[in-house]
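*Asks:* What follows is the file entry-v7.pdb, containing PDB, C-alpha atoms and all ligand atoms:
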```
ATOM      1  CA  MET A  63      73.831 107.877  98.069
ATOM      2  CA  SER A  64      76.132 106.380  95.454
ATOM      3  CA  PHE A  65      78.269 103.395  96.410
ATOM      4  CA  ASN A  66      81.875 104.184  97.378
ATOM      5  CA  ARG A  67      84.164 101.540  95.982
ATOM      6  CA  PRO A  68      86.424 100.225  98.786
ATOM      7  CA  ASP A  69      90.201  99.944  98.573
ATOM      8  CA  ILE A  70      91.478  96.452  97.906
ATOM      9  CA  ILE A  71      92.211  94.701 101.207
ATOM     10  CA  ARG A  72      92.533  90.959 100.716
ATOM     11  CA  PRO A  73      94.036  87.798 102.188
ATOM     12  CA  PRO A  74      97.491  86.972 100.708
ATOM     13  CA  SER A  75      96.078  83.875  98.992
ATOM     14  CA  GLU A  76      93.636  85.972  96.945
ATOM     15  CA  TRP A  77      96.336  87.843  95.020
ATOM     16  CA  LYS A  78      95.201  86.365  91.705
ATOM     17  CA  SER A  79      91.508  87.118  92.226
ATOM     18  CA  TYR A  80      89.146  89.559  90.623
ATOM     19  CA  PHE A  81      87.918  91.890  93.401
ATOM     20  CA  LEU A  82      84.172  92.455  93.231
ATOM     21  CA  PRO A  83      82.719  94.852  95.824
ATOM     22  CA  LEU A  84      79.323  94.006  97.347
ATOM     23  CA  THR A  85      79.695  96.157 100.428
ATOM     24  CA  ASN A  86      81.924  98.869 101.809
ATOM     25  CA  GLY A  87      82.929  98.873 105.484
ATOM     26  CA  CYS A  88      82.140  96.193 108.050
ATOM     27  CA  SER A  89      78.851  95.391 109.781
ATOM     28  CA  ASN A  90      80.703  94.681 113.032
ATOM     29  CA  ASN A  91      82.581  97.944 113.275
ATOM     30  CA  THR A  92      83.454  97.727 116.971
ATOM     31  CA  CYS A  93      86.860  95.989 116.979
ATOM     32  CA  THR A  94      89.184  98.381 118.767
ATOM     33  CA  PHE A  95      92.300  97.569 116.695
ATOM     34  CA  CYS A  96      90.771  97.564 113.227
ATOM     35  CA  ALA A  97      90.830 100.097 110.392
ATOM     36  CA  TYR A  98      87.081  99.447 109.984
ATOM     37  CA  TYR A  99      86.391 100.639 113.556
ATOM     38  CA  GLY A 100      83.403 102.997 113.375
ATOM     39  CA  SER A 101      82.989 102.470 109.600
ATOM     40  CA  LYS A 102      79.496 102.778 108.175
ATOM     41  CA  LEU A 103      78.375  99.745 106.212
ATOM     42  CA  GLN A 104      77.255 100.463 102.670
ATOM     43  CA  THR A 105      75.651  97.779 100.513
ATOM     44  CA  ARG A 106      75.785  97.990  96.753
ATOM     45  CA  ASP A 107      72.739  97.670  94.477
ATOM     46  CA  VAL A 108      72.467  94.319  92.716
ATOM     47  CA  ASP A 109      72.053  96.052  89.341
ATOM     48  CA  ASP A 110      75.270  97.996  89.859
ATOM     49  CA  ILE A 111      77.133  94.749  90.647
ATOM     50  CA  LYS A 112      75.625  93.084  87.570
ATOM     51  CA  SER A 113      76.786  96.012  85.389
ATOM     52  CA  GLU A 114      80.329  95.414  86.618
ATOM     53  CA  ILE A 115      80.073  91.680  85.888
ATOM     54  CA  ASP A 116      78.789  92.542  82.391
ATOM     55  CA  ALA A 117      81.707  94.944  81.856
ATOM     56  CA  VAL A 118      84.263  92.325  82.993
ATOM     57  CA  THR A 119      82.629  89.726  80.717
ATOM     58  CA  LEU A 120      82.812  92.053  77.713
ATOM     59  CA  PHE A 121      86.401  93.012  78.483
ATOM     60  CA  THR A 122      87.715  89.484  79.073
ATOM     61  CA  ARG A 123      85.944  88.057  75.985
ATOM     62  CA  ARG A 124      86.346  90.892  73.484
ATOM     63  CA  GLY A 125      88.711  93.456  75.016
ATOM     64  CA  ILE A 126      86.022  96.159  74.963
ATOM     65  CA  ARG A 127      86.127  98.893  77.650
ATOM     66  CA  LEU A 128      82.976 100.840  78.505
ATOM     67  CA  PRO A 129      83.263 104.567  79.328
ATOM     68  CA  ASN A 130      81.084 104.547  82.474
ATOM     69  CA  ILE A 131      83.058 101.809  84.258
ATOM     70  CA  PRO A 132      85.806 102.793  86.768
ATOM     71  CA  GLY A 133      89.377 102.279  85.557
ATOM     72  CA  VAL A 134      90.189  99.965  88.488
ATOM     73  CA  VAL A 135      87.793  97.360  87.049
ATOM     74  CA  TYR A 136      89.947  97.063  83.930
ATOM     75  CA  ALA A 137      93.221  97.390  85.835
ATOM     76  CA  VAL A 138      92.259  94.296  87.866
ATOM     77  CA  ALA A 139      90.575  92.455  84.969
ATOM     78  CA  GLN A 140      93.585  92.672  82.664
ATOM     79  CA  GLU A 141      95.779  90.826  85.214
ATOM     80  CA  TRP A 142      93.072  88.279  85.960
ATOM     81  CA  ASP A 143      93.190  84.624  84.853
ATOM     82  CA  GLY A 144      89.407  84.238  85.045
ATOM     83  CA  ARG A 145      89.420  81.690  87.875
ATOM     84  CA  ARG A 146      88.998  83.252  91.313
ATOM     85  CA  VAL A 147      86.742  86.029  92.543
ATOM     86  CA  PHE A 148      87.017  87.707  95.931
ATOM     87  CA  LEU A 149      83.935  89.536  97.172
ATOM     88  CA  GLN A 150      84.738  92.766  98.972
ATOM     89  CA  ASN A 151      84.616  94.231 101.633
ATOM     90  CA  GLY A 152      85.089  93.727 105.427
ATOM     91  CA  ASP A 153      82.383  91.048 105.583
ATOM     92  CA  ALA A 154      80.574  90.613 102.265
ATOM     93  CA  LEU A 155      78.697  87.598 103.677
ATOM     94  CA  VAL A 156      76.503  90.162 105.450
ATOM     95  CA  TYR A 157      74.985  90.987 102.034
ATOM     96  CA  PRO A 158      71.292  89.935 102.148
ATOM     97  CA  PHE A 159      71.014  86.244 101.300
ATOM     98  CA  ALA A 160      68.538  86.487  98.377
ATOM     99  CA  LYS A 161      70.630  89.214  96.750
ATOM    100  CA  LEU A 162      73.868  87.334  97.354
ATOM    101  CA  ARG A 163      72.394  84.255  95.679
ATOM    102  CA  GLU A 164      71.255  86.407  92.740
ATOM    103  CA  VAL A 165      74.737  87.934  92.354
ATOM    104  CA  LEU A 166      76.473  84.549  92.508
ATOM    105  CA  GLN A 167      74.015  83.029  90.014
ATOM    106  CA  TYR A 168      74.715  85.911  87.631
ATOM    107  CA  LEU A 169      78.458  85.605  88.130
ATOM    108  CA  ASN A 170      78.303  81.859  87.388
ATOM    109  CA  GLU A 171      76.224  82.434  84.282
ATOM    110  CA  LYS A 172      78.360  85.243  82.825
ATOM    111  CA  LEU A 173      81.794  84.034  83.875
ATOM    112  CA  PRO A 174      81.633  80.230  83.859
ATOM    113  CA  THR A 175      85.445  79.834  84.061
ATOM    114  CA  VAL A 176      85.351  81.054  87.675
ATOM    115  CA  ASP A 177      86.096  78.063  89.896
ATOM    116  CA  ARG A 178      86.227  79.618  93.362
ATOM    117  CA  ILE A 179      84.578  82.569  95.043
ATOM    118  CA  GLY A 180      85.822  83.758  98.420
ATOM    119  CA  THR A 181      84.955  86.442 100.926
ATOM    120  CA  TYR A 182      85.604  87.746 104.406
ATOM    121  CA  ALA A 183      82.832  86.833 106.830
ATOM    122  CA  THR A 184      82.343  87.659 110.492
ATOM    123  CA  PRO A 185      81.399  84.745 112.787
ATOM    124  CA  GLN A 186      78.094  86.599 113.289
ATOM    125  CA  ASP A 187      77.415  86.543 109.509
ATOM    126  CA  ILE A 188      78.010  82.791 109.443
ATOM    127  CA  LEU A 189      75.894  82.091 112.527
ATOM    128  CA  ARG A 190      73.003  84.033 110.966
ATOM    129  CA  ARG A 191      73.005  81.652 107.963
ATOM    130  CA  SER A 192      71.612  78.127 108.056
ATOM    131  CA  VAL A 193      73.766  75.213 106.877
ATOM    132  CA  GLY A 194      71.238  74.837 104.027
ATOM    133  CA  GLU A 195      71.855  78.442 102.918
ATOM    134  CA  LEU A 196      75.614  77.967 103.117
ATOM    135  CA  LYS A 197      75.286  74.787 101.024
ATOM    136  CA  GLU A 198      73.344  76.750  98.401
ATOM    137  CA  LEU A 199      76.164  79.292  98.276
ATOM    138  CA  ARG A 200      78.666  76.435  98.033
ATOM    139  CA  GLN A 201      76.859  75.133  94.961
ATOM    140  CA  LEU A 202      77.255  78.603  93.481
ATOM    141  CA  LYS A 203      81.045  78.217  93.938
ATOM    142  CA  LEU A 204      81.477  80.038  97.242
ATOM    143  CA  GLY A 205      84.507  77.938  98.115
ATOM    144  CA  ILE A 206      86.247  79.719 100.999
ATOM    145  CA  LEU A 207      85.359  81.992 103.911
ATOM    146  CA  TYR A 208      87.984  84.052 105.751
ATOM    147  CA  THR A 209      87.083  84.798 109.349
ATOM    148  CA  GLY A 210      88.913  86.580 112.125
ATOM    149  CA  LEU A 211      89.168  84.660 115.379
ATOM    150  CA  GLU A 212      91.881  87.162 116.409
ATOM    151  CA  THR A 213      92.269  85.468 119.814
ATOM    152  CA  GLY A 214      90.808  82.520 121.674
ATOM    153  CA  ASP A 215      90.963  84.447 124.953
ATOM    154  CA  ASP A 216      87.322  85.286 125.727
ATOM    155  CA  GLU A 217      88.238  88.097 128.098
ATOM    156  CA  LEU A 218      90.378  89.676 125.373
ATOM    157  CA  LEU A 219      87.633  89.133 122.771
ATOM    158  CA  ARG A 220      85.307  91.196 125.002
ATOM    159  CA  LYS A 221      87.971  93.850 125.528
ATOM    160  CA  ILE A 222      88.583  94.331 121.801
ATOM    161  CA  GLY A 223      84.852  94.520 120.985
ATOM    162  CA  LYS A 224      84.754  91.464 118.742
ATOM    163  CA  GLY A 225      81.129  90.732 119.676
ATOM    164  CA  VAL A 226      81.498  86.935 119.822
ATOM    165  CA  SER A 227      82.992  84.308 122.113
ATOM    166  CA  SER A 228      85.568  81.758 121.012
ATOM    167  CA  ASP A 229      82.880  79.041 121.301
ATOM    168  CA  GLN A 230      80.751  80.941 118.787
ATOM    169  CA  VAL A 231      83.655  80.980 116.338
ATOM    170  CA  VAL A 232      84.019  77.207 116.842
ATOM    171  CA  GLU A 233      80.286  76.869 116.090
ATOM    172  CA  ALA A 234      80.601  79.076 112.976
ATOM    173  CA  GLY A 235      83.476  76.893 111.760
ATOM    174  CA  ARG A 236      81.400  73.751 112.234
ATOM    175  CA  LYS A 237      78.639  75.166 110.021
ATOM    176  CA  VAL A 238      81.054  76.254 107.301
ATOM    177  CA  LYS A 239      82.699  72.832 107.198
ATOM    178  CA  GLU A 240      79.343  71.044 107.189
ATOM    179  CA  ALA A 241      78.439  73.108 104.123
ATOM    180  CA  GLY A 242      81.633  71.921 102.397
ATOM    181  CA  ILE A 243      83.195  75.389 102.317
ATOM    182  CA  ALA A 244      86.878  75.816 103.197
ATOM    183  CA  PHE A 245      87.425  77.791 106.385
ATOM    184  CA  SER A 246      90.357  80.126 106.846
ATOM    185  CA  VAL A 247      90.906  81.724 110.245
ATOM    186  CA  THR A 248      93.106  84.672 111.134
ATOM    187  CA  ILE A 249      94.720  85.329 114.489
ATOM    188  CA  ILE A 250      96.624  88.424 115.587
ATOM    189  CA  LEU A 251      99.995  88.114 117.290
ATOM    190  CA  GLY A 252     100.508  90.736 119.971
ATOM    191  CA  LEU A 253      96.815  91.495 120.452
ATOM    192  CA  GLY A 254      96.978  90.910 124.217
ATOM    193  CA  GLY A 255     100.032  93.114 124.657
ATOM    194  CA  ILE A 256     102.867  92.096 126.963
ATOM    195  CA  GLU A 257     100.643  91.386 129.976
ATOM    196  CA  GLY A 258      98.165  89.232 128.053
ATOM    197  CA  SER A 259     100.611  87.453 125.757
ATOM    198  CA  GLN A 260     100.784  84.010 127.405
ATOM    199  CA  LYS A 261      97.029  83.733 127.901
ATOM    200  CA  HIS A 262      96.344  84.994 124.371
ATOM    201  CA  ALA A 263      98.683  82.386 122.903
ATOM    202  CA  ARG A 264      97.420  79.435 124.954
ATOM    203  CA  GLU A 265      93.736  80.263 124.531
ATOM    204  CA  THR A 266      94.209  80.900 120.813
ATOM    205  CA  ALA A 267      95.809  77.476 120.415
ATOM    206  CA  ARG A 268      92.880  75.946 122.339
ATOM    207  CA  ALA A 269      90.257  77.689 120.176
ATOM    208  CA  LEU A 270      92.085  76.893 116.908
ATOM    209  CA  THR A 271      92.238  73.232 117.909
ATOM    210  CA  GLY A 272      88.473  73.333 118.530
ATOM    211  CA  ILE A 273      87.780  74.965 115.152
ATOM    212  CA  ASP A 274      90.207  72.674 113.281
ATOM    213  CA  PRO A 275      90.173  74.967 110.200
ATOM    214  CA  ASP A 276      91.620  74.307 106.768
ATOM    215  CA  TYR A 277      93.854  77.369 106.957
ATOM    216  CA  VAL A 278      95.219  79.593 109.705
ATOM    217  CA  GLY A 279      96.786  82.937 108.874
ATOM    218  CA  ALA A 280      98.746  84.640 111.636
ATOM    219  CA  LEU A 281      98.980  88.425 111.384
ATOM    220  CA  THR A 282     101.013  90.687 113.645
ATOM    221  CA  LEU A 283      99.282  93.577 115.364
ATOM    222  CA  THR A 284      99.802  96.906 113.649
ATOM    223  CA  LEU A 285      98.609  99.874 115.682
ATOM    224  CA  ILE A 286      96.423 102.055 113.477
ATOM    225  CA  PRO A 287      96.093 105.750 114.361
ATOM    226  CA  ALA A 288      92.612 106.877 115.506
ATOM    227  CA  THR A 289      91.594 103.400 116.693
ATOM    228  CA  PRO A 290      90.838 102.909 120.421
ATOM    229  CA  LEU A 291      93.748 100.474 120.816
ATOM    230  CA  TYR A 292      96.172 103.011 119.350
ATOM    231  CA  GLU A 293      94.905 105.584 121.848
ATOM    232  CA  GLN A 294      95.361 103.084 124.703
ATOM    233  CA  TRP A 295      98.924 102.536 123.507
ATOM    234  CA  GLU A 296      99.560 106.311 123.418
ATOM    235  CA  ARG A 297      98.315 106.555 127.034
ATOM    236  CA  ASN A 298     100.627 103.649 128.015
ATOM    237  CA  GLU A 299      97.602 101.496 128.879
ATOM    238  CA  PHE A 300      98.630  98.947 126.247
ATOM    239  CA  ARG A 301     102.212  97.694 126.019
ATOM    240  CA  ALA A 302     102.992  96.327 122.571
ATOM    241  CA  LEU A 303     105.185  93.263 122.003
ATOM    242  CA  SER A 304     108.629  93.512 120.462
ATOM    243  CA  PRO A 305     109.121  91.624 117.161
ATOM    244  CA  PHE A 306     110.886  88.740 118.938
ATOM    245  CA  GLN A 307     108.179  88.566 121.603
ATOM    246  CA  SER A 308     105.607  88.214 118.812
ATOM    247  CA  LEU A 309     107.614  85.254 117.456
ATOM    248  CA  GLU A 310     107.633  83.665 120.924
ATOM    249  CA  GLU A 311     103.849  83.987 120.876
ATOM    250  CA  LEU A 312     103.701  82.398 117.435
ATOM    251  CA  LYS A 313     105.831  79.515 118.663
ATOM    252  CA  LEU A 314     103.569  78.910 121.652
ATOM    253  CA  ILE A 315     100.496  78.866 119.404
ATOM    254  CA  ILE A 316     102.026  76.380 116.959
ATOM    255  CA  GLU A 317     103.305  74.192 119.806
ATOM    256  CA  ASN A 318      99.911  73.972 121.492
ATOM    257  CA  SER A 319      97.581  73.644 118.475
ATOM    258  CA  ASN A 320      96.463  70.309 117.063
ATOM    259  CA  PHE A 321      94.850  69.995 113.662
ATOM    260  CA  THR A 322      93.582  67.274 111.362
ATOM    261  CA  ASP A 323      95.135  68.931 108.294
ATOM    262  CA  CYS A 324      95.713  72.667 108.299
ATOM    263  CA  PHE A 325      97.912  74.982 106.263
ATOM    264  CA  PHE A 326      99.304  77.351 108.878
ATOM    265  CA  SER A 327     101.211  80.421 107.809
ATOM    266  CA  SER A 328     102.498  83.812 108.847
ATOM    267  CA  MET A 329     102.931  85.003 105.256
ATOM    268  CA  HIS A 330     100.890  88.193 105.689
ATOM    269  CA  ALA A 331     102.862  91.405 105.166
ATOM    270  CA  SER A 332     102.294  92.486 108.771
ATOM    271  CA  ASN A 333     104.545  89.697 110.103
ATOM    272  CA  TYR A 334     108.207  89.930 111.005
ATOM    273  CA  LEU A 335     108.922  86.390 109.827
ATOM    274  CA  SER A 336     107.226  84.138 107.314
ATOM    275  CA  VAL A 337     106.672  80.618 108.635
ATOM    276  CA  ARG A 338     104.488  78.139 106.806
ATOM    277  CA  GLY A 339     103.616  74.497 106.660
ATOM    278  CA  ARG A 340     101.022  71.807 107.096
ATOM    279  CA  LEU A 341     100.147  70.957 110.655
ATOM    280  CA  SER A 342     100.724  68.604 112.272
ATOM    281  CA  GLN A 343     103.273  67.083 109.857
ATOM    282  CA  ASP A 344     105.494  70.199 109.589
ATOM    283  CA  LYS A 345     105.246  71.236 113.243
ATOM    284  CA  GLU A 346     108.782  70.261 114.180
ATOM    285  CA  ARG A 347     110.354  71.999 111.187
ATOM    286  CA  MET A 348     108.365  75.189 111.823
ATOM    287  CA  LEU A 349     109.270  75.225 115.521
ATOM    288  CA  LYS A 350     112.952  74.653 114.682
ATOM    289  CA  GLN A 351     112.866  77.607 112.270
ATOM    290  CA  LEU A 352     111.425  79.795 115.015
ATOM    291  CA  ASP A 353     113.886  78.502 117.619
ATOM    292  CA  LYS A 354     116.797  79.358 115.335
ATOM    293  CA  VAL A 355     115.635  82.929 114.810
ATOM    294  CA  LEU A 356     114.761  83.357 118.484
ATOM    295  CA  ALA A 357     118.202  82.094 119.522
ATOM    296  CA  ALA A 358     120.048  84.420 117.116
ATOM    297  CA  ARG A 359     117.923  87.500 118.027
ATOM    298  CA  ASP A 360     119.315  89.141 114.908
ATOM    299  CA  PRO A 361     116.990  91.899 113.603
ATOM    300  CA  ALA A 362     118.460  91.349 110.112
ATOM    301  CA  LEU A 363     116.533  88.054 109.992
ATOM    302  CA  LEU A 364     113.212  89.915 110.320
ATOM    303  CA  ARG A 365     111.111  91.911 107.878
ATOM    304  CA  PRO A 366     112.058  95.545 108.519
ATOM    305  CA  GLU A 367     109.378  97.754 110.102
ATOM    306  CA  PHE A 368     109.100  99.962 106.990
ATOM    307  CA  LEU A 369     108.249  96.954 104.820
ATOM    308  CA  ARG A 370     105.441  95.743 107.053
ATOM    309  CA  GLY A 371     101.962  96.275 105.641
ATOM    310  CA  LEU A 372      98.382  95.907 106.753
TER     311      LEU A 372
HETATM  312  S1  LIG A 401      84.836  92.181 112.287
HETATM  313 FE1  LIG A 401      86.817  92.136 111.229
HETATM  314  S2  LIG A 401      86.706  93.736 109.645
HETATM  315 FE2  LIG A 401      84.999  94.073 111.089
HETATM  316  S3  LIG A 401      85.789  95.605 112.550
HETATM  317 FE3  LIG A 401      86.155  93.559 113.433
HETATM  318  S4  LIG A 401      88.238  92.981 112.745
HETATM  319 FE4  LIG A 401      87.546  94.693 111.484
END
```
Reformat the file's structure so that it appears as structure tokens.
*Replies:*
Amino acid sequence: MSFNRPDIIRPPSEWKSYFLPLTNGCSNNTCTFCAYYGSKLQTRDVDDIKSEIDAVTLFTRRGIRLPNIPGVVYAVAQEWDGRRVFLQNGDALVYPFAKLREVLQYLNEKLPTVDRIGTYATPQDILRRSVGELKELRQLKLGILYTGLETGDDELLRKIGKGVSSDQVVEAGRKVKEAGIAFSVTIILGLGGIEGSQKHARETARALTGIDPDYVGALTLTLIPATPLYEQWERNEFRALSPFQSLEELKLIIENSNFTDCFFSSMHASNYLSVRGRLSQDKERMLKQLDKVLAARDPALLRPEFLRGL
């Protein structure tokens, strides 16, 4: 079966990257809130990936376009500054290690201006790799891994089908940091619904403190049709937070987390309010910003629903 190129879904910080697909779908397709729920993982042939790297090399050096290469390759390459590459898709770290090493070696050889490669990785993908393997990938410029903690509440992690405990995410983070790779963790505001909100926030702050990542990205739950969580919501078994309740959750998480040096943000398009800063030094300023918006309760201060994105 030929490889289906995935749509571009990326962390906000990868907006300048070249998007190179290694897989399509996610190997852990059981998360009840996620667009990848039930997706079938496809892995791409190494030779196919190398052909794309060759095409990008030819285009960026000499402006030559090849007829058999999809238009999206050139659409992305012409905006690209040659520095960052983001490996797609849901968890490209699942790509078999020997093949991943071969792809990264080829990428380094053909495009030596690249200074950082990033990818999404599940905690399971990271735990399957040894620190030695991660260090090898680091030497090949794998500089950042983006992983979903989603929540630190272990009961909620089981409920949403994440397949790992919060302690396992802490362990995955330890390995990534030991390998010298930056670790970026996402959490999802509203994931516990109204009933689970307090516990979700407090346990998430506890787990984040244990992971002590370089970056935390807060997203706000968006209910996606045809996912199990959406169906629970339709049956009134899940009560979603209001925008201001999601900001109260965010405030509780920031208040109760402690980090060595972490860039914490809610810049993702799914959020109602963008808050950002380095923790702990900016904690007070960020909490004041939230307090102000929470006191005013003015919807005009929030991103309108129609402008929210996944
Ligand atoms: S591991 Fe991540 S990408 Fe995969 S289904 Fe769960 S939330 Fe989605």
*Asks:* So which residues touch Asp143 of chain A within 12 Å, counting all atoms listed in the file, skipping near sequence neighbours fewer than 4 positions away, as a PyMOL selection string?
*Replies:* chain A and resi 77-80+118+122-123+138-139+147+173+175-177
*Asks:* Save out the residues we just selected, C-alpha atoms, as a PDB file, in the frame of the given file.
*Replies:*
```pdb
ATOM      1  CA  TRP A  77      96.336  87.843  95.020  1.00  0.00           C
ATOM      2  CA  LYS A  78      95.201  86.365  91.705  1.00  0.00           C
ATOM      3  CA  SER A  79      91.508  87.118  92.226  1.00  0.00           C
ATOM      4  CA  TYR A  80      89.146  89.559  90.623  1.00  0.00           C
ATOM      5  CA  VAL A 118      84.263  92.325  82.993  1.00  0.00           C
ATOM      6  CA  THR A 122      87.715  89.484  79.073  1.00  0.00           C
ATOM      7  CA  ARG A 123      85.944  88.057  75.985  1.00  0.00           C
ATOM      8  CA  VAL A 138      92.259  94.296  87.866  1.00  0.00           C
ATOM      9  CA  ALA A 139      90.575  92.455  84.969  1.00  0.00           C
ATOM     10  CA  VAL A 147      86.742  86.029  92.543  1.00  0.00           C
ATOM     11  CA  LEU A 173      81.794  84.034  83.875  1.00  0.00           C
ATOM     12  CA  THR A 175      85.445  79.834  84.061  1.00  0.00           C
ATOM     13  CA  VAL A 176      85.351  81.054  87.675  1.00  0.00           C
ATOM     14  CA  ASP A 177      86.096  78.063  89.896  1.00  0.00           C
TER      15      ASP A 177
END
```
*Asks:* Residues at most 12 Å from Leu120 of chain A, counting only C-alpha atoms, excluding those fewer than 6 positions away in the same chain, as a list in words?
*Replies:*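 In the requested form, the answer reads Ser113, Glu114, Ile126, Arg127, Leu128, Ile131, Val135, Tyr136, Ala139, Gln140, Lys172 and Leu173 of chain A.
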*Asks:* Since we have the selection now, will you write its residues out, keeping C-alpha atoms, as a PDB file, in the coordinates of the input?
*Replies:*
```pdb
ATOM      1  CA  SER A 113      76.786  96.012  85.389  1.00  0.00           C
ATOM      2  CA  GLU A 114      80.329  95.414  86.618  1.00  0.00           C
ATOM      3  CA  ILE A 126      86.022  96.159  74.963  1.00  0.00           C
ATOM      4  CA  ARG A 127      86.127  98.893  77.650  1.00  0.00           C
ATOM      5  CA  LEU A 128      82.976 100.840  78.505  1.00  0.00           C
ATOM      6  CA  ILE A 131      83.058 101.809  84.258  1.00  0.00           C
ATOM      7  CA  VAL A 135      87.793  97.360  87.049  1.00  0.00           C
ATOM      8  CA  TYR A 136      89.947  97.063  83.930  1.00  0.00           C
ATOM      9  CA  ALA A 139      90.575  92.455  84.969  1.00  0.00           C
ATOM     10  CA  GLN A 140      93.585  92.672  82.664  1.00  0.00           C
ATOM     11  CA  LYS A 172      78.360  85.243  82.825  1.00  0.00           C
ATOM     12  CA  LEU A 173      81.794  84.034  83.875  1.00  0.00           C
TER      13      LEU A 173
END
```
*Asks:* Taking the file as shown, what set of residues would the PyMOL selection byres (((not hetatm)) within 7 of (chain A and resi 401)) give back, as an NGL selection string?
*Replies:* :A and (88-93 or 96-99 or 152-153 or 184 or 210 or 224)
*Asks:* Taking into account only C-alpha atoms, which residue in the set A:Phe368, A:Tyr168, A:Tyr277, A:Phe321 is nearest to Arg338 of chain A?
*Replies:*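 Of all the options, A:Tyr277 lies closest to Arg338 of chain A.
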*Asks:* Name every residue that the PyMOL selection byres (((chain A and resi 281) around 12) and not hetatm) selects in this structure, writing the answer as a ChimeraX atom specification with chains first and numbers rising.
*Replies:* /A:73-74,210-213,247-253,278-280,282-284,308-309,311-312,326-337,370-372
*Asks:* Applying the PyMOL selection byres (((chain A and resi 112) around 10) and not hetatm) to the file I just gave you, which residues come out? Please list them as JSON, numbers by chain.
*Replies:* {"A": [107, 108, 109, 110, 111, 113, 114, 115, 116, 117, 118, 164, 165, 166, 168, 169, 172]}
*Asks:* With 7 Å as the threshold, what does the neighbourhood of (85.4, 78.5, 103.2) contain in terms of residues, counting all atoms listed in the file? Coordinates are those of the file; answer as a list in words.
*Replies:* Gly205, Ile206, Leu207, Tyr208, Val238, Ile243, Ala244, Phe245 and Ser246 of chain A
*Asks:* Pick out the residues sitting within 9 Å of Gly272 of chain A, and hand them over as number ranges by chain; count all atoms listed in the file, and ignore anything fewer than 4 positions along from it in its own chain.
*Replies:* A: 229, 232, 267-268, 320-321
*Asks:* Atom CA of Arg146 of chain A and atom CA of Leu189 of chain A are how many Å apart?
*Replies:*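 One can read the atom CA of Arg146 of chain A to atom CA of Leu189 of chain A distance as 25.0 Å.
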*Asks:* Work out how far apart atom CA of Ser319 of chain A and atom CA of Leu270 of chain A are and give it in Å to one decimal.
*Replies:*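 Atom-to-atom, atom CA of Ser319 of chain A and atom CA of Leu270 of chain A are spaced 6.6 Å apart.
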*Asks:* What does the distance between atom CA of Lys203 of chain A and atom CA of Arg72 of chain A come to in Å, to one decimal place?
*Replies:* 18.4 Å
*Asks:* Within 8 Å of (96.5, 77.5, 119.5) in the file's own coordinates, which protein, DNA or RNA residues have an atom, counting all atoms listed in the file? List them as a PDB file with C-alpha atoms, keeping the file's coordinate frame.
*Replies:*
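part14.pdb, freshly written:
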```pdb
ATOM      1  CA  GLY A 214      90.808  82.520 121.674  1.00  0.00           C
ATOM      2  CA  ALA A 263      98.683  82.386 122.903  1.00  0.00           C
ATOM      3  CA  ARG A 264      97.420  79.435 124.954  1.00  0.00           C
ATOM      4  CA  GLU A 265      93.736  80.263 124.531  1.00  0.00           C
ATOM      5  CA  THR A 266      94.209  80.900 120.813  1.00  0.00           C
ATOM      6  CA  ALA A 267      95.809  77.476 120.415  1.00  0.00           C
ATOM      7  CA  ARG A 268      92.880  75.946 122.339  1.00  0.00           C
ATOM      8  CA  ALA A 269      90.257  77.689 120.176  1.00  0.00           C
ATOM      9  CA  LEU A 270      92.085  76.893 116.908  1.00  0.00           C
ATOM     10  CA  THR A 271      92.238  73.232 117.909  1.00  0.00           C
ATOM     11  CA  LEU A 314     103.569  78.910 121.652  1.00  0.00           C
ATOM     12  CA  ILE A 315     100.496  78.866 119.404  1.00  0.00           C
ATOM     13  CA  ILE A 316     102.026  76.380 116.959  1.00  0.00           C
ATOM     14  CA  GLU A 317     103.305  74.192 119.806  1.00  0.00           C
ATOM     15  CA  ASN A 318      99.911  73.972 121.492  1.00  0.00           C
ATOM     16  CA  SER A 319      97.581  73.644 118.475  1.00  0.00           C
ATOM     17  CA  ASN A 320      96.463  70.309 117.063  1.00  0.00           C
TER      18      ASN A 320
END
```
*Asks:* Rank A:Pro129, A:Pro83, A:Gly225, A:Pro68 by their smallest atom-to-atom distance to Lys102 of chain A, using all atoms listed in the file, and report the top residue only.
*Replies:*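 Counting all atoms listed in the file, the residue closest to Lys102 of chain A is A:Pro68.
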*Asks:* Write out as JSON lines the residues of segment 208-287 of chain A that have any atom within 9 Å of an atom of segment 296-300 of chain A, one row each with the nearest atom pair and its distance in Å to one decimal, counting only C-alpha atoms, sorted by chain and then rising number.
*Replies:*
```
{"residue": "A:Gly254", "atom": "CA", "partner": "A:Phe300", "partner_atom": "CA", "distance": 8.5}
{"residue": "A:Gly255", "atom": "CA", "partner": "A:Phe300", "partner_atom": "CA", "distance": 6.2}
{"residue": "A:Ile256", "atom": "CA", "partner": "A:Phe300", "partner_atom": "CA", "distance": 8.1}
{"residue": "A:Glu257", "atom": "CA", "partner": "A:Phe300", "partner_atom": "CA", "distance": 8.7}
```
*Asks:* Would you kindly return, as a list in words, each protein, DNA or RNA residue with an atom no farther than 9 Å from any atom of Gly339 of chain A, considering only C-alpha atoms and excluding same-chain residues fewer than 5 positions away?
*Replies:*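 Within the cut-off, the hits are Cys324, Phe325, Phe326, Ser327, Asp344, Lys345, Arg347 and Met348 of chain A.
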*Asks:* Of the residues A:Lys261, A:Glu233, A:Ser101, A:Arg190, which is the one nearest to Asp215 of chain A, using all atoms listed in the file?
*Replies:* A:Lys261
*Asks:* Could you check which of A:Gly144, A:Gly235, A:Pro185, A:Pro361 is closest to Asp274 of chain A, using all atoms listed in the file?
*Replies:*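 Looking at the shortest contact to Asp274 of chain A, the residue is A:Gly235.
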*Asks:* Could you check the closest approach to Leu202 of chain A for each of A:Thr181, A:Gln230, A:Leu82, A:Glu171 and tell me which residue wins, using all atoms listed in the file?
*Replies:*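 Distance minimum relative to Leu202 of chain A lands on A:Glu171.
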